[in-house]
Each structure stands twice: as structure tokens, then as C-alpha cells.
Amino acid sequence: MDDLASLRDYVRYTVTLLAVLDPFLAVPIFIGVSAHRSEAHRHALARVVTLTVLGVLVVAAFTGEALLEIMGASLPAFRVGGGLVLLLMALAMLNAEAGGVRQSEAEAEELERGRLTGVVPLAVPLLAGPGAISTTIIAAEAGGPAHRLAVALCIALVCALLWGVLRVAHRVGPRLGQTGLNIATRLLGLLLAAIAIQTMAEGLRALFPGLA
């Protein structure tokens with residue numbers, strides 16, 4: 001259809017979203033909040049978390065343009081801001097940390113005390129947080145309904161991968177160990193840093209054509 005983007009754009013968005021969500025960073029947290037639950041409860045929690053992430057991002061894909069109009073923000077400006085958010089997340093991932101964009105110190109303390117479990121803060125804001133939402137809005141704003149539907153399919157693909165990782169978290173996590181999970185997070189962080197800078201560069205070129 002005419003309003004569909006190129007396959008390269010959808011692949012780029014899928015890879016970016018996978019790096020932003022970073023299932024490997026979620027594995028230790030998922031293990032912590034579900035350590036004393038049965039396998040059936042763990043699978044149910046993985047399903048609920050994944051569906052929550054899917055719902056939040058699909059809503060962002062279909063309402064992002066209206067949100068930008070309400071805020072009076074242009075897409076190039078949002079690209080620069082969103083790219084900066086992704087860069088901050090990438091820098092934290094390179095240190096194998098969640099970072100303040102995903103989770104504040106107060107939220108981390110609440111999680112350690114057992115006050116927060118499951119969907120909060122795992123699905124929101126650790127997974128479907130500012131980085132994932134801004135990435136989705138930027139990707140979906142470029143086309144019409146068919147394009148947004150294609151973006152939603154990309155979201156569904158990444159969420160399926162996330163669901164698979166969470167379902168086997170209690171088996172894979174101990175085998176990989178913290179070092180293995182940190183290495184995977186750092187690799188995704190390096191990839192996300194490059195994507196973040198590219199996103200910011202595209203926004204700056206649109207805002208200041210003379211830079212091109």
C-alpha cells in the first residue's frame with residue numbers, strides 16, 4: 001500500500017525496539033518478583049507483562065500523532081528529544097544498569113522492599129517506558145493506518161520474543177549468570193547508542209536544514 005514504509009524501516013524499528021526493551025535486563029527483575037511463585041503463576045505473569053507492554057505501545061502507535069499535535073511539538077523536535085532519551089538509556093545499558101530513565105532510585109527501593117511486583121514496575125516503566133513509547137511514536141508518525149498497523153505487527157513480534165525470554169527466565173537466567181546477562185545488555189546498549197545518535201541527527205537535519 002502507498003503509505004507503507006520500506007522493509008528496511010520496519011526492520012530498523014524492530015531492532016531498535018528490541019534494544020530498548022532489552023529482555024535480558026528484565027530477566028533478573030522478573031526472577032526476583034516471581035521467585036516464590038509456582039511455574040503456572042510465572043507463566044501467567046509473563047503473559048500479563050507482555051500483553052501490557054503490547055497494549056501500551058500499540059496505543060502509542062495509533063495515538064502518537066494526535067499527542068504531538070496536542071503538545072504542539074513537531075516530529076523533528078520529538079526525534080531529537082526521543083533520541084536523547086535513547087542515548088541516556090544506552091549509556092546506562094553500557095554500564096549494565098537500568099538507569100534513571102527506566103527506574104528511579106525510589107522505585108528501585110520500593111521493588112526491593114516488595115511493595116511493587118509484576119506489571120509495575122516490570123511492564124511499566126522498565127519495559128514500556130519513555131524510550132519505547134517515544135521510539136514507537138517516531139516510527140508510527142511517518143504514515144497512515146496501514147503503516148501504523150505494520151508498526152503494530154513489529155511490536156507484536158518483539159513482544160513475542162519478550163514473552164519467550166520471560167517464560168524461560170528462571171531456567172536461562174541462572175545458567176547465563178549475571179555476567180552473561182550484563183554482556184548481552186551491553187551489546188544491545190552499544191547498538192542502541194548508534195541508533196540514538198542517528199535519530200537525533202535526523203531530527204537536527206530537519207530542524208536546521210543548513211546542517212545538511
# chains A, B, ... in the order shown; residues from 1 in each chain; ligands from 1
call {"tool": "residues_around", "arguments": {"residues": "Leu94 (chain A)", "least_positions_apart": "5", "cutoff": "12 Å", "atoms": "only C-alpha atoms", "output": "ChimeraX atom specification"}}
result
/A:19,22,25,87-89,99,181-193
call {"tool": "write_last_selection", "arguments": {"atoms": "N, CA and C atoms", "output": "PDB file, in the first residue's frame"}}
result
ATOM      1  N   ALA A  19      16.158  -3.529  21.310  1.00  0.00           N
ATOM      2  CA  ALA A  19      17.251  -2.989  22.118  1.00  0.00           C
ATOM      3  C   ALA A  19      16.718  -2.139  23.265  1.00  0.00           C
ATOM      4  N   ASP A  22      15.073  -4.497  25.883  1.00  0.00           N
ATOM      5  CA  ASP A  22      16.157  -5.261  26.498  1.00  0.00           C
ATOM      6  C   ASP A  22      15.632  -6.346  27.439  1.00  0.00           C
ATOM      7  N   LEU A  25      17.780  -7.400  30.473  1.00  0.00           N
ATOM      8  CA  LEU A  25      17.783  -6.560  31.663  1.00  0.00           C
ATOM      9  C   LEU A  25      16.585  -6.873  32.550  1.00  0.00           C
ATOM     10  N   LEU A  87      19.667   7.734  24.040  1.00  0.00           N
ATOM     11  CA  LEU A  87      21.097   7.801  24.323  1.00  0.00           C
ATOM     12  C   LEU A  87      21.361   7.640  25.816  1.00  0.00           C
ATOM     13  N   LEU A  88      20.548   8.272  26.651  1.00  0.00           N
ATOM     14  CA  LEU A  88      20.704   8.126  28.101  1.00  0.00           C
ATOM     15  C   LEU A  88      20.491   6.669  28.518  1.00  0.00           C
ATOM     16  N   MET A  89      19.491   6.028  27.905  1.00  0.00           N
ATOM     17  CA  MET A  89      19.254   4.616  28.201  1.00  0.00           C
ATOM     18  C   MET A  89      20.432   3.762  27.752  1.00  0.00           C
ATOM     19  N   GLY A  99      19.294   2.430  34.845  1.00  0.00           N
ATOM     20  CA  GLY A  99      19.356   3.865  34.572  1.00  0.00           C
ATOM     21  C   GLY A  99      18.131   4.600  35.075  1.00  0.00           C
ATOM     22  N   LEU A 181      24.219 -12.016  31.366  1.00  0.00           N
ATOM     23  CA  LEU A 181      23.120 -11.077  31.123  1.00  0.00           C
ATOM     24  C   LEU A 181      23.656  -9.668  30.910  1.00  0.00           C
ATOM     25  N   ASN A 182      24.687  -9.289  31.674  1.00  0.00           N
ATOM     26  CA  ASN A 182      25.273  -7.956  31.528  1.00  0.00           C
ATOM     27  C   ASN A 182      25.944  -7.777  30.168  1.00  0.00           C
ATOM     28  N   ILE A 183      26.593  -8.830  29.682  1.00  0.00           N
ATOM     29  CA  ILE A 183      27.234  -8.749  28.366  1.00  0.00           C
ATOM     30  C   ILE A 183      26.189  -8.521  27.281  1.00  0.00           C
ATOM     31  N   ALA A 184      25.075  -9.274  27.358  1.00  0.00           N
ATOM     32  CA  ALA A 184      24.006  -9.098  26.374  1.00  0.00           C
ATOM     33  C   ALA A 184      23.430  -7.690  26.444  1.00  0.00           C
ATOM     34  N   THR A 185      23.253  -7.168  27.655  1.00  0.00           N
ATOM     35  CA  THR A 185      22.725  -5.810  27.818  1.00  0.00           C
ATOM     36  C   THR A 185      23.686  -4.781  27.254  1.00  0.00           C
ATOM     37  N   ARG A 186      24.976  -4.957  27.472  1.00  0.00           N
ATOM     38  CA  ARG A 186      25.973  -4.002  26.960  1.00  0.00           C
ATOM     39  C   ARG A 186      25.990  -4.004  25.424  1.00  0.00           C
ATOM     40  N   LEU A 187      25.872  -5.192  24.827  1.00  0.00           N
ATOM     41  CA  LEU A 187      25.847  -5.263  23.366  1.00  0.00           C
ATOM     42  C   LEU A 187      24.629  -4.532  22.803  1.00  0.00           C
ATOM     43  N   LEU A 188      23.464  -4.734  23.427  1.00  0.00           N
ATOM     44  CA  LEU A 188      22.263  -4.014  22.998  1.00  0.00           C
ATOM     45  C   LEU A 188      22.410  -2.516  23.251  1.00  0.00           C
ATOM     46  N   GLY A 189      23.094  -2.160  24.336  1.00  0.00           N
ATOM     47  CA  GLY A 189      23.323  -0.747  24.632  1.00  0.00           C
ATOM     48  C   GLY A 189      24.188  -0.075  23.583  1.00  0.00           C
ATOM     49  N   LEU A 190      25.208  -0.781  23.106  1.00  0.00           N
ATOM     50  CA  LEU A 190      26.068  -0.241  22.050  1.00  0.00           C
ATOM     51  C   LEU A 190      25.265  -0.010  20.779  1.00  0.00           C
ATOM     52  N   LEU A 191      24.426  -0.979  20.422  1.00  0.00           N
ATOM     53  CA  LEU A 191      23.567  -0.840  19.248  1.00  0.00           C
ATOM     54  C   LEU A 191      22.591   0.322  19.428  1.00  0.00           C
ATOM     55  N   LEU A 192      22.012   0.431  20.619  1.00  0.00           N
ATOM     56  CA  LEU A 192      21.046   1.496  20.874  1.00  0.00           C
ATOM     57  C   LEU A 192      21.698   2.873  20.834  1.00  0.00           C
ATOM     58  N   ALA A 193      22.942   2.977  21.272  1.00  0.00           N
ATOM     59  CA  ALA A 193      23.646   4.260  21.231  1.00  0.00           C
ATOM     60  C   ALA A 193      23.790   4.753  19.789  1.00  0.00           C
TER      61      ALA A 193
END
call {"tool": "residues_around", "arguments": {"residues": "region 168-173 of chain A", "least_positions_apart": "6", "cutoff": "8 Å", "atoms": "only C-alpha atoms", "output": "PyMOL selection string"}}
result
chain A and resi 27-28+30-31+181
call {"tool": "write_last_selection", "arguments": {"atoms": "C-alpha atoms", "output": "mmCIF file, in the first residue's frame"}}
result
data_model
loop_
_atom_site.group_PDB
_atom_site.id
_atom_site.type_symbol
_atom_site.label_atom_id
_atom_site.label_comp_id
_atom_site.auth_asym_id
_atom_site.auth_seq_id
_atom_site.Cartn_x
_atom_site.Cartn_y
_atom_site.Cartn_z
ATOM 1 C CA VAL A 27 15.292 -11.247 33.462
ATOM 2 C CA PRO A 28 16.817 -10.653 36.953
ATOM 3 C CA PHE A 30 11.354 -10.963 36.687
ATOM 4 C CA ILE A 31 13.122 -13.722 38.618
ATOM 5 C CA LEU A 181 23.120 -11.077 31.123
#
call {"tool": "residues_around", "arguments": {"residues": "Leu153 (chain A)", "least_positions_apart": "4", "cutoff": "10 Å", "atoms": "only C-alpha atoms", "output": "list in words"}}
result
Tyr10, Thr14, Val58, His147, Arg148, Leu149, Leu157, Val158 and Cys159 of chain A
call {"tool": "write_last_selection", "arguments": {"atoms": "N, CA and C atoms", "output": "compact mmCIF listing (two decimals), in the first residue's frame"}}
result
# COMPACT_ATOMS: atom_id res chain seq x y z
N TYR A 10 11.03 -0.88 8.79
CA TYR A 10 10.38 -1.74 9.77
C TYR A 10 11.39 -2.63 10.50
N THR A 14 12.07 -2.57 14.49
CA THR A 14 12.01 -3.80 15.27
C THR A 14 13.29 -4.00 16.09
N VAL A 58 1.07 -0.28 21.36
CA VAL A 58 0.12 -0.18 20.25
C VAL A 58 -0.72 1.09 20.38
N HIS A 147 0.41 1.80 7.65
CA HIS A 147 1.75 1.89 8.22
C HIS A 147 1.71 1.64 9.72
N ARG A 148 0.74 2.22 10.40
CA ARG A 148 0.63 2.02 11.85
C ARG A 148 0.32 0.56 12.18
N LEU A 149 -0.46 -0.07 11.33
CA LEU A 149 -0.75 -1.49 11.52
C LEU A 149 0.53 -2.31 11.37
N LEU A 157 5.78 -8.75 17.25
CA LEU A 157 6.92 -9.65 17.07
C LEU A 157 7.90 -9.52 18.22
N VAL A 158 8.22 -8.27 18.57
CA VAL A 158 9.17 -8.06 19.67
C VAL A 158 8.58 -8.55 21.00
N CYS A 159 7.29 -8.31 21.19
CA CYS A 159 6.63 -8.77 22.42
C CYS A 159 6.60 -10.30 22.50
call {"tool": "atom_distance", "arguments": {"atom1": "CA of Arg12 (chain A)", "atom2": "CA of Glu141 (chain A)"}}
result
14.9 Å
call {"tool": "closest_residue", "arguments": {"among": "A:Phe24, A:Tyr13, A:Phe62, A:Phe78", "to": "Ala206 (chain A)", "atoms": "only C-alpha atoms"}}
result
A:Phe78
call {"tool": "closest_atom_pairs", "arguments": {"of": "region 163-191 of chain A", "to": "region 33-50 of chain A", "cutoff": "9 Å", "atoms": "only C-alpha atoms", "output": "Markdown table"}}
result
| residue | atom | partner | partner_atom | distance |
| --- | --- | --- | --- | --- |
| A:Trp163 | CA | A:Thr50 | CA | 5.8 |
| A:Gly164 | CA | A:Ala46 | CA | 8.5 |
| A:Val165 | CA | A:Ala46 | CA | 8.9 |
| A:Leu166 | CA | A:Ala46 | CA | 5.7 |
| A:Arg167 | CA | A:His43 | CA | 5.8 |
| A:Val168 | CA | A:His43 | CA | 8.9 |
| A:His170 | CA | A:Ala35 | CA | 8.3 |
call {"tool": "closest_residue", "arguments": {"among": "A:Ala66, A:Arg175, A:Ala60, A:Leu161", "to": "Pro130 (chain A)", "atoms": "only C-alpha atoms"}}
result
A:Ala60
call {"tool": "residues_around", "arguments": {"residues": "Leu57 (chain A)", "least_positions_apart": "6", "cutoff": "10 Å", "atoms": "only C-alpha atoms", "output": "PyMOL selection string"}}
result
chain A and resi 51+63-64+128-129+132-137+151-152+155-156+159
call {"tool": "write_last_selection", "arguments": {"atoms": "N, CA and C atoms", "output": "PDB file, in the first residue's frame"}}
result
ATOM      1  N   LEU A  51       1.507  -8.666  27.517  1.00  0.00           N
ATOM      2  CA  LEU A  51       0.291  -8.054  26.966  1.00  0.00           C
ATOM      3  C   LEU A  51       0.186  -6.592  27.365  1.00  0.00           C
ATOM      4  N   THR A  63      -1.989   6.681  18.630  1.00  0.00           N
ATOM      5  CA  THR A  63      -2.377   7.989  19.175  1.00  0.00           C
ATOM      6  C   THR A  63      -1.224   8.977  19.215  1.00  0.00           C
ATOM      7  N   GLY A  64      -0.040   8.544  18.772  1.00  0.00           N
ATOM      8  CA  GLY A  64       1.138   9.394  18.866  1.00  0.00           C
ATOM      9  C   GLY A  64       1.015  10.697  18.097  1.00  0.00           C
ATOM     10  N   ALA A 128       7.916  -0.864  28.913  1.00  0.00           N
ATOM     11  CA  ALA A 128       7.161   0.130  28.133  1.00  0.00           C
ATOM     12  C   ALA A 128       7.285   1.491  28.800  1.00  0.00           C
ATOM     13  N   GLY A 129       8.488   2.040  28.767  1.00  0.00           N
ATOM     14  CA  GLY A 129       8.763   3.335  29.370  1.00  0.00           C
ATOM     15  C   GLY A 129       8.937   4.428  28.333  1.00  0.00           C
ATOM     16  N   ALA A 132      10.744   3.356  24.892  1.00  0.00           N
ATOM     17  CA  ALA A 132       9.947   2.533  23.976  1.00  0.00           C
ATOM     18  C   ALA A 132       8.784   3.318  23.393  1.00  0.00           C
ATOM     19  N   ILE A 133       8.143   4.130  24.223  1.00  0.00           N
ATOM     20  CA  ILE A 133       6.993   4.914  23.750  1.00  0.00           C
ATOM     21  C   ILE A 133       7.431   5.949  22.730  1.00  0.00           C
ATOM     22  N   SER A 134       8.514   6.682  23.014  1.00  0.00           N
ATOM     23  CA  SER A 134       8.978   7.706  22.069  1.00  0.00           C
ATOM     24  C   SER A 134       9.451   7.074  20.768  1.00  0.00           C
ATOM     25  N   THR A 135      10.124   5.924  20.840  1.00  0.00           N
ATOM     26  CA  THR A 135      10.557   5.224  19.634  1.00  0.00           C
ATOM     27  C   THR A 135       9.365   4.813  18.776  1.00  0.00           C
ATOM     28  N   THR A 136       8.313   4.349  19.426  1.00  0.00           N
ATOM     29  CA  THR A 136       7.116   3.908  18.712  1.00  0.00           C
ATOM     30  C   THR A 136       6.393   5.091  18.068  1.00  0.00           C
ATOM     31  N   ILE A 137       6.279   6.192  18.783  1.00  0.00           N
ATOM     32  CA  ILE A 137       5.615   7.377  18.221  1.00  0.00           C
ATOM     33  C   ILE A 137       6.363   7.878  16.999  1.00  0.00           C
ATOM     34  N   VAL A 151       3.541  -1.221  11.980  1.00  0.00           N
ATOM     35  CA  VAL A 151       4.309  -0.950  13.198  1.00  0.00           C
ATOM     36  C   VAL A 151       3.787  -1.809  14.349  1.00  0.00           C
ATOM     37  N   ALA A 152       2.454  -1.936  14.441  1.00  0.00           N
ATOM     38  CA  ALA A 152       1.852  -2.774  15.490  1.00  0.00           C
ATOM     39  C   ALA A 152       2.291  -4.225  15.339  1.00  0.00           C
ATOM     40  N   ILE A 155       5.670  -4.503  16.772  1.00  0.00           N
ATOM     41  CA  ILE A 155       5.566  -4.525  18.229  1.00  0.00           C
ATOM     42  C   ILE A 155       5.190  -5.924  18.704  1.00  0.00           C
ATOM     43  N   ALA A 156       4.235  -6.537  18.019  1.00  0.00           N
ATOM     44  CA  ALA A 156       3.791  -7.881  18.392  1.00  0.00           C
ATOM     45  C   ALA A 156       4.941  -8.885  18.275  1.00  0.00           C
ATOM     46  N   CYS A 159       7.288  -8.314  21.191  1.00  0.00           N
ATOM     47  CA  CYS A 159       6.632  -8.769  22.425  1.00  0.00           C
ATOM     48  C   CYS A 159       6.603 -10.298  22.501  1.00  0.00           C
TER      49      CYS A 159
END
call {"tool": "closest_residue", "arguments": {"among": "A:Ala196, A:Ile70, A:Leu211, A:Ala146", "to": "Leu84 (chain A)", "atoms": "only C-alpha atoms"}}
result
A:Ala196
call {"tool": "atom_distance", "arguments": {"atom1": "CA of Ile138 (chain A)", "atom2": "CA of Gly100 (chain A)"}}
result
21.8 Å
call {"tool": "closest_residue", "arguments": {"among": "A:Leu207, A:Pro174, A:Ala139, A:Leu162", "to": "Val11 (chain A)", "atoms": "only C-alpha atoms"}}
result
A:Ala139
call {"tool": "decode", "arguments": {"residues": "region 46-79 of chain A", "atoms": "N, CA and C atoms", "output": "mmCIF file, in the first residue's frame"}}
result
data_model
loop_
_atom_site.group_PDB
_atom_site.id
_atom_site.type_symbol
_atom_site.label_atom_id
_atom_site.label_comp_id
_atom_site.auth_asym_id
_atom_site.auth_seq_id
_atom_site.Cartn_x
_atom_site.Cartn_y
_atom_site.Cartn_z
ATOM 1 N N ALA A 46 4.288 -13.655 33.086
ATOM 2 C CA ALA A 46 4.978 -13.337 31.830
ATOM 3 C C ALA A 46 3.980 -12.912 30.761
ATOM 4 N N ARG A 47 2.838 -13.602 30.720
ATOM 5 C CA ARG A 47 1.813 -13.262 29.732
ATOM 6 C C ARG A 47 1.211 -11.881 30.002
ATOM 7 N N VAL A 48 0.913 -11.599 31.265
ATOM 8 C CA VAL A 48 0.307 -10.308 31.617
ATOM 9 C C VAL A 48 1.270 -9.161 31.344
ATOM 10 N N VAL A 49 2.536 -9.344 31.716
ATOM 11 C CA VAL A 49 3.548 -8.308 31.467
ATOM 12 C C VAL A 49 3.682 -8.038 29.973
ATOM 13 N N THR A 50 3.758 -9.113 29.186
ATOM 14 C CA THR A 50 3.911 -8.957 27.736
ATOM 15 C C THR A 50 2.703 -8.274 27.112
ATOM 16 N N LEU A 51 1.507 -8.666 27.517
ATOM 17 C CA LEU A 51 0.291 -8.054 26.966
ATOM 18 C C LEU A 51 0.186 -6.592 27.365
ATOM 19 N N THR A 52 0.658 -6.252 28.569
ATOM 20 C CA THR A 52 0.652 -4.856 28.998
ATOM 21 C C THR A 52 1.576 -4.018 28.128
ATOM 22 N N VAL A 53 2.788 -4.529 27.894
ATOM 23 C CA VAL A 53 3.737 -3.830 27.023
ATOM 24 C C VAL A 53 3.153 -3.679 25.621
ATOM 25 N N LEU A 54 2.563 -4.747 25.100
ATOM 26 C CA LEU A 54 1.949 -4.711 23.776
ATOM 27 C C LEU A 54 0.859 -3.653 23.717
ATOM 28 N N GLY A 55 -0.019 -3.628 24.719
ATOM 29 C CA GLY A 55 -1.118 -2.676 24.720
ATOM 30 C C GLY A 55 -0.640 -1.235 24.785
ATOM 31 N N VAL A 56 0.316 -0.952 25.662
ATOM 32 C CA VAL A 56 0.824 0.419 25.814
ATOM 33 C C VAL A 56 1.448 0.911 24.519
ATOM 34 N N LEU A 57 2.261 0.074 23.878
ATOM 35 C CA LEU A 57 2.974 0.508 22.674
ATOM 36 C C LEU A 57 2.046 0.615 21.463
ATOM 37 N N VAL A 58 1.070 -0.282 21.356
ATOM 38 C CA VAL A 58 0.119 -0.178 20.246
ATOM 39 C C VAL A 58 -0.721 1.092 20.384
ATOM 40 N N VAL A 59 -1.144 1.410 21.593
ATOM 41 C CA VAL A 59 -1.877 2.662 21.824
ATOM 42 C C VAL A 59 -1.008 3.858 21.447
ATOM 43 N N ALA A 60 0.273 3.811 21.818
ATOM 44 C CA ALA A 60 1.186 4.900 21.460
ATOM 45 C C ALA A 60 1.328 5.029 19.948
ATOM 46 N N ALA A 61 1.343 3.888 19.243
ATOM 47 C CA ALA A 61 1.485 3.919 17.788
ATOM 48 C C ALA A 61 0.301 4.596 17.112
ATOM 49 N N PHE A 62 -0.907 4.356 17.633
ATOM 50 C CA PHE A 62 -2.101 4.879 16.977
ATOM 51 C C PHE A 62 -2.534 6.247 17.503
ATOM 52 N N THR A 63 -1.989 6.681 18.630
ATOM 53 C CA THR A 63 -2.377 7.989 19.175
ATOM 54 C C THR A 63 -1.224 8.977 19.215
ATOM 55 N N GLY A 64 -0.040 8.544 18.772
ATOM 56 C CA GLY A 64 1.138 9.394 18.866
ATOM 57 C C GLY A 64 1.015 10.697 18.097
ATOM 58 N N GLU A 65 0.466 10.633 16.883
ATOM 59 C CA GLU A 65 0.330 11.842 16.065
ATOM 60 C C GLU A 65 -0.577 12.857 16.745
ATOM 61 N N ALA A 66 -1.704 12.384 17.291
ATOM 62 C CA ALA A 66 -2.617 13.282 17.997
ATOM 63 C C ALA A 66 -1.945 13.880 19.223
ATOM 64 N N LEU A 67 -1.133 13.083 19.909
ATOM 65 C CA LEU A 67 -0.434 13.564 21.095
ATOM 66 C C LEU A 67 0.552 14.668 20.736
ATOM 67 N N LEU A 68 1.277 14.485 19.642
ATOM 68 C CA LEU A 68 2.217 15.515 19.204
ATOM 69 C C LEU A 68 1.491 16.809 18.845
ATOM 70 N N GLU A 69 0.336 16.684 18.195
ATOM 71 C CA GLU A 69 -0.439 17.869 17.835
ATOM 72 C C GLU A 69 -0.935 18.603 19.070
ATOM 73 N N ILE A 70 -1.381 17.857 20.075
ATOM 74 C CA ILE A 70 -1.846 18.476 21.310
ATOM 75 C C ILE A 70 -0.705 19.219 22.009
ATOM 76 N N MET A 71 0.478 18.615 22.000
ATOM 77 C CA MET A 71 1.635 19.241 22.645
ATOM 78 C C MET A 71 2.216 20.369 21.812
ATOM 79 N N GLY A 72 1.833 20.421 20.524
ATOM 80 C CA GLY A 72 2.398 21.443 19.644
ATOM 81 C C GLY A 72 3.847 21.174 19.294
ATOM 82 N N ALA A 73 4.247 19.906 19.350
ATOM 83 C CA ALA A 73 5.632 19.531 19.053
ATOM 84 C C ALA A 73 5.723 18.962 17.649
ATOM 85 N N SER A 74 6.761 19.345 16.937
ATOM 86 C CA SER A 74 6.985 18.813 15.594
ATOM 87 C C SER A 74 7.692 17.475 15.702
ATOM 88 N N LEU A 75 7.574 16.667 14.646
ATOM 89 C CA LEU A 75 8.242 15.374 14.634
ATOM 90 C C LEU A 75 9.766 15.514 14.713
ATOM 91 N N PRO A 76 10.394 16.462 13.974
ATOM 92 C CA PRO A 76 11.853 16.618 14.107
ATOM 93 C C PRO A 76 12.288 16.926 15.545
ATOM 94 N N ALA A 77 11.530 17.798 16.224
ATOM 95 C CA ALA A 77 11.871 18.112 17.615
ATOM 96 C C ALA A 77 11.711 16.877 18.495
ATOM 97 N N PHE A 78 10.667 16.104 18.224
ATOM 98 C CA PHE A 78 10.438 14.886 19.009
ATOM 99 C C PHE A 78 11.528 13.864 18.732
ATOM 100 N N ARG A 79 12.040 13.840 17.505
ATOM 101 C CA ARG A 79 13.148 12.933 17.179
ATOM 102 C C ARG A 79 14.385 13.276 18.007
#
